[in-house]
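For reference, the structure discussed in these notes is given below.
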Amino acid sequence: MRTEAQAAAAAAAAHPPPRPTLKERLQERMESLGALSVMTGQVFSRAVRPPYDWASLIFHTESLGVRSLPIALLTATFAGLVISLQFGYFLARFGVQYTVGRVVILTLFRELAPVLTALTVGARIGSGIAAELGSMTVTEQVDAIRALGADPLRKLVVPRVFACLIVMPVLTVFSDVVGLVGGALVVRSQYGISLDQFFQGAMDAVQMGDFVSGVVKGAVFGLVIGLVGCFKGLAVEGGTEGVGRATTQTVAITSVSVCLADFFITKITLYF
């Protein structure tokens, strides 16, 4: 004989719940966006009021930043190699391959280094935060923190968000340097352009605004990644299955958000 649980499962499979309509999906997305906006305001309001948990901030900065350094440097190295190879090939058609350093440094500083770092490292950081906080949510550790009179946002969210805000610009700067060195080496081996000529052309073309725009992008991307990861982690429902959904949703949302933010920041910074 079937147990009651088996009977309930068979009944649920025979009569699945109706799929939400487009209007209901849009309403759910708008409610999530509003909740994320509210959480963002609460995070910043708590961050500016003492006491400050410096130990937790340093721990998460090391955990999220130092451990993400290898993948960031590897991505930047291959980005520098590829764009130097491509631009060197096309510029050689016009006999101006000696200007490849100018193109490479502007492309890296303004666009590729911050965006690729955010898409690769951000996916790792955001999904890790979502999984960690999601596990704490489903095991009722977050509720235990509230029961003890502590604030989960101050204790769990603020250090992670500001660690992302610190880590991403720093990783962007490292990516700039490594990508530029990788580009210089491949241009020297493929097109016979000396390192002095490459870096001289690069330094003549770049301005402080080009470097700052990439660092600003890294900071904004870090803020987005930290907020989305924490929000999805604290909103987990449905046990371990919900944790898995939260991590995949975090990767998708952060990737789209990074690309969207990149467009608007680029549009703003081009005028400075």
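If you're wondering about the labels, chains in the structure tokens are A, B, ... by order shown, residues count from 1 in each chain, ligands from 1 in order shown.
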Surrounding residues of stretch 181-184 of chain A excluding itself and chain neighbours under 3 positions, 8 Å, only C-alpha atoms, as an NGL selection string:
:A and (77-78 or 80-85 or 101 or 104 or 177-178 or 187-188 or 195 or 198-199)
According to DSSP computed on the backbone, where in stretch 72-221 of chain A is there alpha helix (DSSP H)? Give the residues as number ranges by chain.
A: 72-92, 100-107, 113-138, 141-147, 152, 158-191, 195-205, 208-221
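Taking atom CA of A:Thr75 as the reference point, atom CA of A:Ala252 is found at 19.3 Å.
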Stretch 59-67 of chain A surroundings by only C-alpha atoms, 12 Å radius, close-in-sequence under 4 positions cut, as a ChimeraX atom specification:
/A:53-55,71-73,117,121-129,155-172,174,222,225-226
Atoms kept (N, CA and C atoms) for selection, written as a compact mmCIF listing (two decimals), in the first residue's frame:
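In the end it all went to out_19.txt:
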```txt
# COMPACT_ATOMS: atom_id res chain seq x y z
N ASP A 53 32.61 46.65 12.42
CA ASP A 53 33.19 45.31 12.56
C ASP A 53 34.37 45.18 11.60
N TRP A 54 35.53 45.77 11.99
CA TRP A 54 36.69 45.76 11.12
C TRP A 54 37.24 44.35 10.90
N ALA A 55 37.17 43.53 11.94
CA ALA A 55 37.71 42.17 11.83
C ALA A 55 36.95 41.37 10.76
N ILE A 71 42.25 33.67 -10.63
CA ILE A 71 41.36 33.65 -11.79
C ILE A 71 41.30 35.02 -12.45
N ALA A 72 41.40 36.09 -11.65
CA ALA A 72 41.39 37.43 -12.22
C ALA A 72 42.63 37.67 -13.06
N LEU A 73 43.79 37.27 -12.56
CA LEU A 73 45.04 37.46 -13.30
C LEU A 73 45.08 36.58 -14.55
N THR A 117 36.79 41.06 -15.37
CA THR A 117 37.01 40.72 -13.96
C THR A 117 35.70 40.57 -13.22
N VAL A 121 35.25 36.85 -11.91
CA VAL A 121 35.41 36.85 -10.45
C VAL A 121 34.07 37.13 -9.77
N GLY A 122 33.27 38.04 -10.36
CA GLY A 122 31.98 38.36 -9.76
C GLY A 122 31.05 37.17 -9.69
N ALA A 123 31.09 36.30 -10.69
CA ALA A 123 30.26 35.11 -10.65
C ALA A 123 30.67 34.21 -9.49
N ARG A 124 31.98 34.09 -9.28
CA ARG A 124 32.46 33.28 -8.16
C ARG A 124 32.07 33.89 -6.82
N ILE A 125 32.31 35.20 -6.68
CA ILE A 125 32.04 35.86 -5.41
C ILE A 125 30.54 35.89 -5.11
N GLY A 126 29.74 36.30 -6.10
CA GLY A 126 28.30 36.43 -5.88
C GLY A 126 27.65 35.10 -5.56
N SER A 127 27.98 34.07 -6.31
CA SER A 127 27.38 32.77 -6.05
C SER A 127 27.84 32.21 -4.71
N GLY A 128 29.10 32.48 -4.34
CA GLY A 128 29.58 32.02 -3.04
C GLY A 128 28.85 32.69 -1.88
N ILE A 129 28.63 34.00 -2.01
CA ILE A 129 27.89 34.72 -0.96
C ILE A 129 26.47 34.20 -0.87
N LYS A 155 25.59 42.30 10.71
CA LYS A 155 26.56 41.24 11.00
C LYS A 155 26.96 40.46 9.76
N LEU A 156 26.02 40.22 8.83
CA LEU A 156 26.27 39.34 7.70
C LEU A 156 26.42 40.07 6.37
N VAL A 157 25.63 41.10 6.16
CA VAL A 157 25.57 41.73 4.84
C VAL A 157 26.58 42.85 4.69
N VAL A 158 26.64 43.76 5.65
CA VAL A 158 27.51 44.94 5.52
C VAL A 158 28.97 44.55 5.28
N PRO A 159 29.56 43.62 6.04
CA PRO A 159 30.98 43.28 5.76
C PRO A 159 31.19 42.70 4.37
N ARG A 160 30.26 41.88 3.90
CA ARG A 160 30.42 41.26 2.59
C ARG A 160 30.27 42.27 1.46
N VAL A 161 29.29 43.16 1.59
CA VAL A 161 29.08 44.16 0.54
C VAL A 161 30.28 45.09 0.43
N PHE A 162 30.79 45.57 1.54
CA PHE A 162 31.91 46.51 1.49
C PHE A 162 33.22 45.80 1.17
N ALA A 163 33.31 44.51 1.48
CA ALA A 163 34.48 43.75 1.02
C ALA A 163 34.48 43.66 -0.50
N CYS A 164 33.32 43.42 -1.10
CA CYS A 164 33.23 43.42 -2.57
C CYS A 164 33.56 44.80 -3.14
N LEU A 165 33.11 45.84 -2.45
CA LEU A 165 33.38 47.21 -2.90
C LEU A 165 34.87 47.53 -2.89
N ILE A 166 35.61 46.91 -1.99
CA ILE A 166 37.06 47.13 -1.91
C ILE A 166 37.80 46.21 -2.89
N VAL A 167 37.35 44.98 -2.97
CA VAL A 167 38.09 43.95 -3.71
C VAL A 167 38.07 44.20 -5.21
N MET A 168 36.91 44.51 -5.77
CA MET A 168 36.79 44.58 -7.22
C MET A 168 37.67 45.67 -7.85
N PRO A 169 37.75 46.90 -7.31
CA PRO A 169 38.68 47.88 -7.90
C PRO A 169 40.14 47.44 -7.82
N VAL A 170 40.51 46.80 -6.72
CA VAL A 170 41.89 46.34 -6.58
C VAL A 170 42.20 45.25 -7.61
N LEU A 171 41.28 44.32 -7.78
CA LEU A 171 41.48 43.28 -8.79
C LEU A 171 41.51 43.87 -10.20
N THR A 172 40.75 44.93 -10.42
CA THR A 172 40.76 45.60 -11.73
C THR A 172 42.13 46.20 -12.01
N PHE A 174 45.06 45.20 -10.77
CA PHE A 174 45.96 44.08 -11.07
C PHE A 174 45.73 43.56 -12.49
N GLY A 222 31.45 45.77 -8.01
CA GLY A 222 31.58 45.10 -6.73
C GLY A 222 30.38 45.34 -5.84
N ILE A 225 27.48 43.23 -7.20
CA ILE A 225 27.69 41.80 -6.93
C ILE A 225 27.40 41.49 -5.47
N GLY A 226 27.93 42.31 -4.56
CA GLY A 226 27.71 42.07 -3.14
C GLY A 226 26.26 42.17 -2.74
```
Within 9 Å of stretch 200-207 of chain A, counting only C-alpha atoms, which residues show up once you throw out same-chain ones fewer than 4 positions away? Write them as a CSV table (one decimal) with N, CA, C and O atoms, in the first residue's frame, please.
```csv
chain,number,residue,atom,x,y,z
A,98,TYR,N,52.7,49.8,-34.9
A,98,TYR,CA,53.5,50.3,-33.8
A,98,TYR,C,52.5,51.1,-32.8
A,98,TYR,O,52.9,51.4,-31.7
A,99,THR,N,51.3,51.4,-33.2
A,99,THR,CA,50.3,52.0,-32.3
A,99,THR,C,49.5,51.1,-31.5
A,99,THR,O,48.6,51.5,-30.8
A,100,VAL,N,49.8,49.8,-31.6
A,100,VAL,CA,49.0,48.8,-30.9
A,100,VAL,C,48.9,49.0,-29.4
A,100,VAL,O,47.9,48.7,-28.7
A,101,GLY,N,50.0,49.5,-28.8
A,101,GLY,CA,50.1,49.8,-27.4
A,101,GLY,C,49.0,50.7,-27.0
A,101,GLY,O,48.4,50.6,-25.9
A,102,ARG,N,48.7,51.7,-27.8
A,102,ARG,CA,47.7,52.7,-27.4
A,102,ARG,C,46.3,52.1,-27.4
A,102,ARG,O,45.5,52.4,-26.5
A,103,VAL,N,46.0,51.3,-28.4
A,103,VAL,CA,44.7,50.6,-28.4
A,103,VAL,C,44.6,49.7,-27.3
A,103,VAL,O,43.5,49.6,-26.6
A,104,VAL,N,45.6,48.9,-27.0
A,104,VAL,CA,45.5,47.9,-26.0
A,104,VAL,C,45.3,48.5,-24.6
A,104,VAL,O,44.4,48.1,-23.8
A,105,ILE,N,46.0,49.5,-24.3
A,105,ILE,CA,45.9,50.1,-22.9
A,105,ILE,C,44.6,50.8,-22.7
A,105,ILE,O,43.9,50.7,-21.7
A,106,LEU,N,44.0,51.5,-23.8
A,106,LEU,CA,42.7,52.1,-23.6
A,106,LEU,C,41.6,51.1,-23.5
A,106,LEU,O,40.7,51.2,-22.7
A,109,PHE,N,42.1,49.4,-19.9
A,109,PHE,CA,41.8,50.3,-18.8
A,109,PHE,C,40.3,50.7,-18.7
A,109,PHE,O,39.7,50.7,-17.6
A,195,LEU,N,59.5,46.4,-26.5
A,195,LEU,CA,58.8,46.7,-25.3
A,195,LEU,C,58.8,48.2,-25.0
A,195,LEU,O,57.8,48.8,-24.6
A,196,ASP,N,59.9,48.9,-25.3
A,196,ASP,CA,60.0,50.3,-25.1
A,196,ASP,C,59.0,51.0,-26.0
A,196,ASP,O,58.3,52.0,-25.6
A,211,PHE,N,42.1,55.5,-16.7
A,211,PHE,CA,42.4,54.6,-15.6
A,211,PHE,C,41.3,54.7,-14.5
A,211,PHE,O,40.8,53.7,-14.0
A,212,VAL,N,40.9,55.9,-14.2
A,212,VAL,CA,39.9,56.1,-13.1
A,212,VAL,C,38.6,55.5,-13.5
A,212,VAL,O,37.9,55.0,-12.7
```
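Minimum distance to A:Leu112 across A:Ala76, A:Ile253, A:Val216, A:Ile58 (counting only C-alpha atoms) occurs at A:Ala76.
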What separates atom CA of A:Gln197 and atom CA of A:Leu185 is a distance of 11.9 Å
Nearest-residue call for A:Thr107, choices A:Glu140, A:Asp210, A:Val186, A:Arg49, using only C-alpha atoms
A:Asp210
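For the choices A:Val243, A:Ile145, A:Val48, A:Ala118, the atom-to-atom distance to A:Val215 is smallest for A:Ala118 when using only C-alpha atoms.
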Would you mind listing what lies within 10 Å of A:Val142 as a compact mmCIF listing (two decimals) with N, CA and C atoms, in the first residue's frame, with only C-alpha atoms counted and same-chain residues fewer than 3 positions away left out?
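Printed below is out_8.txt as written:
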```txt
# COMPACT_ATOMS: atom_id res chain seq x y z
N LEU A 133 25.02 32.49 2.58
CA LEU A 133 23.90 33.07 3.32
C LEU A 133 22.64 32.24 3.14
N GLY A 134 22.47 31.63 1.95
CA GLY A 134 21.31 30.77 1.75
C GLY A 134 21.32 29.56 2.66
N SER A 135 22.50 28.97 2.85
CA SER A 135 22.61 27.83 3.77
C SER A 135 22.30 28.26 5.20
N MET A 136 22.75 29.46 5.58
CA MET A 136 22.46 29.96 6.92
C MET A 136 20.96 30.25 7.07
N THR A 137 20.32 30.66 5.99
CA THR A 137 18.89 30.96 6.05
C THR A 137 18.06 29.70 6.22
N VAL A 138 18.33 28.67 5.41
CA VAL A 138 17.52 27.46 5.48
C VAL A 138 17.79 26.66 6.75
N THR A 139 18.95 26.81 7.35
CA THR A 139 19.24 26.13 8.61
C THR A 139 18.88 26.99 9.82
N ILE A 145 20.27 34.54 14.86
CA ILE A 145 20.93 35.82 15.08
C ILE A 145 19.92 36.88 15.50
N ARG A 146 18.76 36.88 14.85
CA ARG A 146 17.70 37.83 15.24
C ARG A 146 17.22 37.54 16.66
N ALA A 147 17.08 36.24 17.00
CA ALA A 147 16.60 35.88 18.33
C ALA A 147 17.56 36.32 19.43
N ALA A 150 20.77 40.44 17.67
CA ALA A 150 21.71 41.04 16.73
C ALA A 150 21.01 41.35 15.41
N ASP A 151 21.63 42.19 14.62
CA ASP A 151 21.07 42.59 13.34
C ASP A 151 21.76 41.79 12.23
N PRO A 152 21.02 40.93 11.50
CA PRO A 152 21.65 40.13 10.44
C PRO A 152 22.28 40.99 9.34
N LEU A 153 21.66 42.13 9.03
CA LEU A 153 22.22 42.98 7.98
C LEU A 153 23.58 43.54 8.41
N LYS A 155 25.59 42.30 10.71
CA LYS A 155 26.56 41.24 11.00
C LYS A 155 26.96 40.46 9.76
N LEU A 156 26.02 40.22 8.83
CA LEU A 156 26.27 39.34 7.70
C LEU A 156 26.42 40.07 6.37
N LEU A 234 19.67 35.74 1.43
CA LEU A 234 18.73 35.92 2.54
C LEU A 234 17.29 35.63 2.14
```
Using only C-alpha atoms for the distances, tell me which of A:Gln27, A:Gln190, A:Ser175, A:Ser257 is nearest to A:Leu116.
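The answer is A:Ser175, which sits nearest to A:Leu116.
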Just to confirm, what's the straight-line distance from atom CA of A:Thr240 to atom CA of A:Glu132 in Å (one decimal)?
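Computing the Euclidean distance for atom CA of A:Thr240 and atom CA of A:Glu132 yields 11.4 Å.
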